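Here's upload-v9.cif, which has mmCIF, C-alpha atoms:
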data_query
#
loop_
_atom_site.label_atom_id
_atom_site.label_comp_id
_atom_site.auth_asym_id
_atom_site.auth_seq_id
_atom_site.Cartn_x
_atom_site.Cartn_y
_atom_site.Cartn_z
CA MET A 11 20.21 10.25 7.12
CA THR A 12 17.51 12.70 6.24
CA TYR A 13 14.03 12.64 7.70
CA ASN A 14 12.81 11.17 4.43
CA THR A 15 15.07 8.14 4.63
CA ILE A 16 14.09 7.39 8.23
CA SER A 17 10.40 7.69 7.47
CA TYR A 18 10.76 5.41 4.42
CA ILE A 19 12.22 2.70 6.63
CA ILE A 20 9.53 3.03 9.32
CA TYR A 21 6.78 3.17 6.70
CA THR A 22 8.00 0.08 4.86
CA ILE A 23 8.32 -2.01 8.02
CA ILE A 24 4.86 -1.10 9.36
CA THR A 25 2.93 -1.44 6.11
CA ILE A 26 4.59 -4.69 5.07
CA TYR A 27 3.89 -6.14 8.51
CA ILE A 28 0.22 -5.17 8.27
CA THR A 29 -0.09 -6.54 4.72
CA VAL A 30 1.51 -9.85 5.60
CA VAL A 31 -0.57 -10.41 8.74
CA VAL A 32 -3.84 -9.49 7.04
CA GLY A 33 -2.99 -11.71 4.06
CA TYR A 34 -2.15 -14.67 6.25
CA LYS A 35 -5.40 -14.40 8.22
CA CYS A 36 -7.45 -14.15 5.02
CA TYR A 37 -5.53 -17.14 3.63
CA LYS A 38 -6.37 -19.22 6.71
CA SER A 39 -10.08 -18.52 6.76
CA GLY A 40 -10.55 -18.01 3.03
CA TYR A 41 -9.59 -21.65 2.44
CA TYR A 42 -13.04 -22.90 3.43
CA TYR A 43 -14.69 -20.55 0.96
CA VAL A 44 -12.46 -21.77 -1.85
CA LEU A 45 -13.11 -25.34 -0.76
CA SER A 46 -16.86 -24.85 -0.90
CA ILE A 47 -16.56 -23.58 -4.47
CA PHE A 48 -14.07 -26.10 -5.89
CA ILE A 49 -14.85 -29.13 -3.68
CA ASP A 50 -11.52 -30.88 -4.46
CA GLU A 51 -9.13 -30.36 -1.52
CA GLU A 52 -5.84 -30.47 -3.43
CA ILE A 53 -6.92 -27.99 -6.06
CA SER A 54 -8.37 -25.55 -3.56
CA GLN A 55 -5.16 -25.62 -1.55
CA ALA A 56 -3.15 -24.85 -4.69
CA ILE A 57 -5.52 -22.03 -5.68
CA ASN A 58 -5.41 -20.58 -2.19
CA LYS A 59 -1.60 -20.52 -2.18
CA ILE A 60 -1.40 -18.87 -5.59
CA LEU A 61 -3.98 -16.27 -4.52
CA LEU A 62 -1.97 -15.47 -1.39
CA LEU A 63 1.18 -15.02 -3.44
CA GLY A 64 -0.59 -12.75 -5.92
CA TYR A 65 -2.00 -10.70 -3.06
CA TYR A 66 1.44 -10.23 -1.53
CA LEU A 67 3.04 -9.30 -4.83
CA THR A 68 0.50 -6.68 -5.85
CA ASN A 69 0.00 -5.13 -2.43
CA ILE A 70 3.62 -4.97 -1.33
CA GLY A 71 4.50 -3.79 -4.81
CA TYR A 72 1.99 -0.95 -4.50
CA VAL A 73 3.18 -0.06 -1.00
CA ILE A 74 6.77 0.18 -2.20
CA THR A 75 5.94 2.02 -5.42
CA ILE A 76 4.13 4.79 -3.54
CA ILE A 77 7.38 5.69 -1.72
CA SER A 78 8.62 7.48 -4.82
CA THR A 79 5.85 10.11 -4.59
CA TRP A 80 6.64 11.48 -1.11
CA LYS A 81 7.50 15.13 -0.78
CA THR A 82 10.48 16.41 1.15
CA ILE A 83 10.18 16.31 4.93
CA ASN A 84 11.91 18.99 7.00
CA SER A 85 10.98 18.37 10.63
CA PHE A 86 10.05 15.64 13.05
CA ASN A 87 6.48 16.95 13.24
CA GLU A 88 6.02 16.75 9.53
CA MET A 89 7.44 13.26 9.53
CA ILE A 90 4.83 12.00 12.02
CA ASN A 91 2.04 13.69 10.06
CA GLU A 92 3.14 12.28 6.74
CA LEU A 93 3.76 8.80 8.15
CA SER A 94 0.34 8.54 9.77
CA LEU A 95 -1.38 9.80 6.64
CA ARG A 96 0.42 7.35 4.36
CA ILE A 97 -0.05 4.34 6.62
CA ALA A 98 -3.71 5.21 7.12
CA SER A 99 -4.31 5.40 3.39
CA ILE A 100 -2.74 1.97 2.90
CA VAL A 101 -4.88 0.49 5.68
CA PHE A 102 -7.99 2.05 4.18
CA ILE A 103 -7.21 0.59 0.76
CA LEU A 104 -6.71 -2.83 2.34
CA ALA A 105 -10.03 -2.55 4.16
CA ALA A 106 -11.88 -1.54 1.00
CA MET A 107 -10.35 -4.43 -0.93
CA HIS A 108 -11.19 -6.83 1.86
CA TYR A 109 -14.87 -5.89 1.88
CA MET A 110 -14.98 -6.09 -1.90
CA ASN A 111 -13.47 -9.57 -1.76
CA MET A 112 -16.00 -10.69 0.81
CA ILE A 113 -18.89 -9.45 -1.32
CA VAL A 114 -17.53 -11.21 -4.41
CA LEU A 115 -16.95 -14.46 -2.51
CA ALA A 116 -20.42 -14.43 -0.96
CA PHE A 117 -21.98 -13.76 -4.35
CA TRP A 118 -19.90 -16.45 -6.07
CA ARG A 119 -20.75 -18.99 -3.41
CA LYS A 120 -24.45 -18.28 -3.74
CA THR A 121 -24.39 -18.79 -7.51
CA SER A 122 -22.30 -21.96 -7.28
CA ILE A 123 -24.69 -23.43 -4.71
CA SER A 124 -27.77 -22.55 -6.72
CA LYS A 125 -26.25 -24.23 -9.78
CA LYS A 126 -26.08 -27.60 -8.04
CA MET B 17 31.48 11.08 -15.18
CA GLU B 18 31.28 7.95 -13.14
CA ASN B 19 28.41 7.80 -10.68
CA LYS B 20 28.90 5.23 -7.98
CA LEU B 21 25.33 5.33 -6.67
CA ILE B 22 23.97 4.05 -9.96
CA ILE B 23 26.19 1.00 -9.81
CA ILE B 24 24.98 0.37 -6.25
CA ALA B 25 21.37 0.74 -7.41
CA TYR B 26 21.90 -1.80 -10.19
CA ALA B 27 23.67 -4.16 -7.80
CA ILE B 28 20.66 -4.07 -5.48
CA TYR B 29 17.97 -4.13 -8.15
CA LEU B 30 19.25 -7.06 -10.19
CA PRO B 31 19.45 -9.72 -7.43
CA VAL B 32 16.15 -8.58 -5.94
CA ALA B 33 14.29 -8.77 -9.25
CA LEU B 34 15.85 -12.06 -10.33
CA LEU B 35 15.35 -13.78 -6.97
CA LEU B 36 11.77 -12.53 -6.80
CA THR B 37 11.07 -14.00 -10.23
CA LEU B 38 12.69 -17.28 -9.26
CA PHE B 39 10.72 -17.55 -6.02
CA VAL B 40 7.37 -16.67 -7.63
CA ALA B 41 7.87 -19.07 -10.53
CA ARG B 42 8.84 -21.94 -8.26
CA THR B 43 5.85 -21.44 -5.97
CA LEU B 44 3.41 -20.98 -8.84
CA PHE B 45 4.49 -24.02 -10.81
CA LYS B 46 4.77 -26.26 -7.79
CA ASN B 47 1.10 -25.61 -7.19
CA ALA B 48 0.22 -25.75 -10.88
CA ARG B 49 1.05 -29.48 -11.06
CA VAL B 50 -2.32 -30.33 -9.56
CA PHE B 51 -4.06 -28.27 -12.22
CA MET B 52 -2.09 -29.86 -15.02
CA LEU B 53 -2.84 -33.37 -13.77
CA ASP B 54 -6.50 -32.44 -13.66
CA ILE B 55 -6.43 -30.91 -17.14
CA PHE B 56 -4.69 -33.89 -18.74
CA HIS B 57 -6.78 -36.43 -16.81
CA GLY B 58 -3.87 -37.86 -14.81
CA LYS B 59 -1.44 -38.46 -17.68
CA GLU B 60 1.71 -37.53 -15.79
CA GLU B 61 4.21 -37.22 -18.63
CA ILE B 62 2.37 -34.69 -20.74
CA ALA B 63 1.09 -32.84 -17.68
CA PHE B 64 4.55 -32.23 -16.24
CA ALA B 65 5.98 -31.43 -19.67
CA THR B 66 3.32 -28.75 -20.17
CA ASN B 67 4.01 -27.41 -16.71
CA ARG B 68 7.70 -27.15 -17.50
CA LEU B 69 7.01 -25.33 -20.76
CA PHE B 70 4.77 -22.83 -19.01
CA GLU B 71 7.49 -22.29 -16.44
CA ILE B 72 10.11 -21.56 -19.08
CA GLY B 73 7.78 -19.04 -20.72
CA PHE B 74 7.18 -17.38 -17.36
CA TYR B 75 10.91 -17.08 -16.69
CA LEU B 76 11.65 -15.68 -20.12
CA MET B 77 8.94 -13.02 -20.01
CA ASN B 78 9.62 -11.82 -16.50
CA ILE B 79 13.41 -11.80 -16.55
CA GLY B 80 13.23 -10.06 -19.90
CA PHE B 81 10.95 -7.39 -18.49
CA ALA B 82 13.10 -6.97 -15.39
CA LEU B 83 16.19 -6.35 -17.51
CA LEU B 84 14.29 -4.07 -19.85
CA ILE B 85 13.36 -1.57 -17.12
CA LEU B 86 16.81 -1.64 -15.51
CA LYS B 87 18.19 1.65 -16.84
CA ILE B 88 18.15 4.68 -14.55
CA HIS B 89 18.02 7.95 -16.44
CA VAL B 90 20.24 10.70 -15.09
CA SER B 91 20.05 14.29 -16.28
CA GLU B 92 20.87 17.68 -14.85
CA TYR B 93 17.30 17.96 -13.54
CA ASN B 94 17.55 14.57 -11.92
CA PRO B 95 21.04 14.31 -10.47
CA PHE B 96 21.34 10.91 -8.93
CA GLU B 97 23.42 11.89 -5.94
CA THR B 98 21.67 11.25 -2.62
CA THR B 99 20.74 8.10 -0.74
CA GLN B 100 17.16 9.32 -0.63
CA LYS B 101 17.02 9.46 -4.41
CA LEU B 102 18.48 5.96 -4.54
CA ILE B 103 15.74 4.60 -2.27
CA GLU B 104 12.99 6.37 -4.21
CA THR B 105 14.17 5.14 -7.58
CA LEU B 106 14.68 1.60 -6.34
CA SER B 107 11.27 1.55 -4.70
CA TYR B 108 9.61 2.64 -7.91
CA LYS B 109 11.40 0.00 -9.95
CA VAL B 110 11.09 -2.93 -7.55
CA GLY B 111 7.49 -2.10 -6.62
CA GLY B 112 6.44 -1.69 -10.24
CA PHE B 113 8.10 -4.97 -11.14
CA SER B 114 6.36 -6.70 -8.24
CA ILE B 115 2.94 -5.44 -9.37
CA TYR B 116 3.73 -6.64 -12.90
CA LEU B 117 4.68 -10.07 -11.51
CA GLY B 118 1.39 -10.22 -9.62
CA ALA B 119 -0.51 -9.43 -12.80
CA MET B 120 1.35 -12.17 -14.68
CA LEU B 121 0.63 -14.60 -11.85
CA PHE B 122 -3.10 -13.94 -12.04
CA PHE B 123 -2.95 -14.21 -15.83
CA ASN B 124 -1.38 -17.67 -15.56
CA LEU B 125 -3.98 -18.68 -12.98
CA LEU B 126 -6.66 -17.56 -15.43
CA LEU B 127 -5.11 -19.76 -18.12
CA PHE B 128 -5.18 -22.75 -15.76
CA PHE B 129 -8.82 -22.15 -14.87
CA ARG B 130 -9.71 -21.89 -18.53
CA GLY B 131 -7.85 -25.07 -19.41
CA ARG B 132 -9.50 -26.92 -16.57
CA ARG B 133 -12.96 -25.80 -17.61
CA LYS B 134 -12.34 -26.81 -21.23
CA ALA B 135 -10.92 -30.20 -20.20
CA ASN B 136 -13.84 -31.03 -17.95
CA GLN B 137 -16.49 -30.17 -20.50
CA PRO B 138 -18.15 -33.18 -22.13
CA LYS B 139 -16.66 -33.69 -25.55
CA PRO B 140 -18.93 -32.54 -28.37
CA ASP B 141 -19.67 -35.18 -30.94
CA GLY B 142 -17.25 -34.93 -33.82
CA PRO B 143 -18.37 -34.92 -37.43
CA LYS B 144 -20.06 -38.18 -38.18
CA PRO B 145 -18.31 -40.39 -40.74
CA PHE B 146 -20.06 -40.25 -44.05
CA LYS B 147 -21.93 -43.42 -44.83
CA LEU B 148 -23.42 -44.45 -48.06
CA THR B 149 -26.87 -45.77 -47.46
CA LYS B 150 -29.22 -47.19 -49.94
CA PRO B 151 -32.42 -45.30 -50.43
CA ALA B 152 -35.15 -47.19 -48.64
CA SER B 153 -37.45 -47.53 -51.60
CA ALA B 154 -35.35 -48.68 -54.47
#
Show me the file's structure as structure tokens.
Amino acid sequence: MTYNTISYIIYTIITIYITVVVGYKCYKSGYYYVLSIFIDEEISQAINKILLLGYYLTNIGYVITIISTWKTINSFNEMINELSLRIASIVFILAAMHYMNMIVLAFWRKTSISKK
Amino acid sequence: MENKLIIIAYAIYLPVALLLTLFVARTLFKNARVFMLDIFHGKEEIAFATNRLFEIGFYLMNIGFALLILKIHVSEYNPFETTQKLIETLSYKVGGFSIYLGAMLFFNLLLFFRGRRKANQPKPDGPKPFKLTKPASA
């Protein structure tokens, strides 16, 4: 087991955990937004589930794809450095996407209310 | 030269990709039934038939793509000999396939939205049947 292999395992576990938890929380509270746009309960539940699945697929896919670009790690110190940097970048991307989503949803809701 | 690691990589990649496709398709088309019923105004037969056809198309495209990107290229610059290399290659393939699946999922969702919007629009008046009318002053 090289340092690289160990850090891949730690990295995958932590980032996937973060992605899944964030996604589930957004799914829970995003439902009411979707409901206020589509009114019908059944359809908004279906849309919400499909959106959650798409979020998981693209984000976990990205997280896993990035593993192939790591450079070689030679010491424990380097491993900690690299791990924190990589995990931080994933968390930052998630945060940026989250704020973007909130802006889009707020905007969408405003237009759909003003239409009625 | 026989390389055992490549066989292991294929043996991991294939079940993962196929099961992922299966799981995504099942979840997507279980939830798509509501959309289809809405699009076809509650006519169950044609709604479920359309759903099934969409599902078959989804399976064909994604399993085809998964098999297409299966091959791992080995050369003297890229000797496929360590476990680390195995993990990196697999991550690239599985992750890329997962992103592709997500894109296809959103594309299908877009199709459903579009169909629903079209179905709920009021129907435009078709061409009026031609009628022979007598001129008023004759």
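Every protein, DNA or RNA residue with an atom at most 12 Å from Ile103 in chain A, where only C-alpha atoms count and chain neighbours fewer than 3 positions away do not, is listed here: Thr25, Thr29, Asn69, Tyr72, Val73, Arg96, Ile97, Ala98, Ser99, Ile100, Ala106, Met107, His108, Tyr109 and Met110 of chain A.
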*Step by step, work through what the PyMOL selection byres ((chain A and resi 27) around 12) selects in the shown file, and finish by giving those residues as number ranges by chain.*
A: 20-26, 28-34, 66, 69-70, 73, 97, 100-101
*From the set B:Gln100, B:Asn94, B:Asn136, B:Thr66, which residue has the shortest atom-to-atom contact distance to chain A, counting all atoms listed in the file?*
B:Gln100
_Residues near Leu67 in chain A, cut-off 8 Å, all atoms listed in the file, skip fewer than 4 positions along chain, as a list in words_ = Leu63 and Gly71 of chain A; Ser114, Ile115, Leu117 and Gly118 of chain B
_Counting only C-alpha atoms, chain A residues within 9 Å of chain B, as a PyMOL selection string_ = chain A and resi 11-12+14-15+18+52-53+55-57+59-61+63-80
*Taking the file above as input, evaluate the PyMOL selection byres ((chain A and resi 48) around 12) and report the hits as number ranges by chain.*
A: 41-47, 49-58, 118-119, 122-123; B: 129, 132-133
*In terms of the shortest atom-to-atom distance over only C-alpha atoms, which of B:Lys134, B:Asn19, B:Ala65, B:Ala33 is closest to Ser91 in chain B?*
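Looking only at the distances to Ser91 in chain B, the closest residue turns out to be B:Asn19.
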*asked:* I'd like to know which of A:Asn87, A:Ser124, A:Thr82, A:Ser39 is closest to Met112 in chain A, using all atoms listed in the file.
replied: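 When distances to Met112 in chain A are compared using all atoms listed in the file, the smallest one comes from A:Ser39.
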*Using only C-alpha atoms, which of the listed residues (B:Ile55, B:Ile72, B:Glu60, B:Met77) sits closest to Arg130 in chain B?*
B:Ile55
*Might you spell out which residues the PyMOL selection byres ((chain B and resi 29-32) around 10) would select in the displayed file, as a list of chain:residue names?*
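Going through the file, the PyMOL selection byres ((chain B and resi 29-32) around 10) ends up selecting B:Ile23, B:Ile24, B:Ala25, B:Tyr26, B:Ala27, B:Ile28, B:Ala33, B:Leu34, B:Leu35, B:Leu36, B:Thr37, B:Leu38, B:Ile79, B:Ala82, B:Leu83, B:Leu86, B:Leu106, B:Ser107, B:Lys109, B:Val110.
Neighbouring residues of Asn84 in chain A at 12 Å or closer, counting all atoms listed in the file and skipping chain neighbours under 5 positions away, are Thr12, Tyr13, Asn14, Thr15, Ile16, Ser17, Met89, Ile90, Asn91 and Glu92 of chain A.
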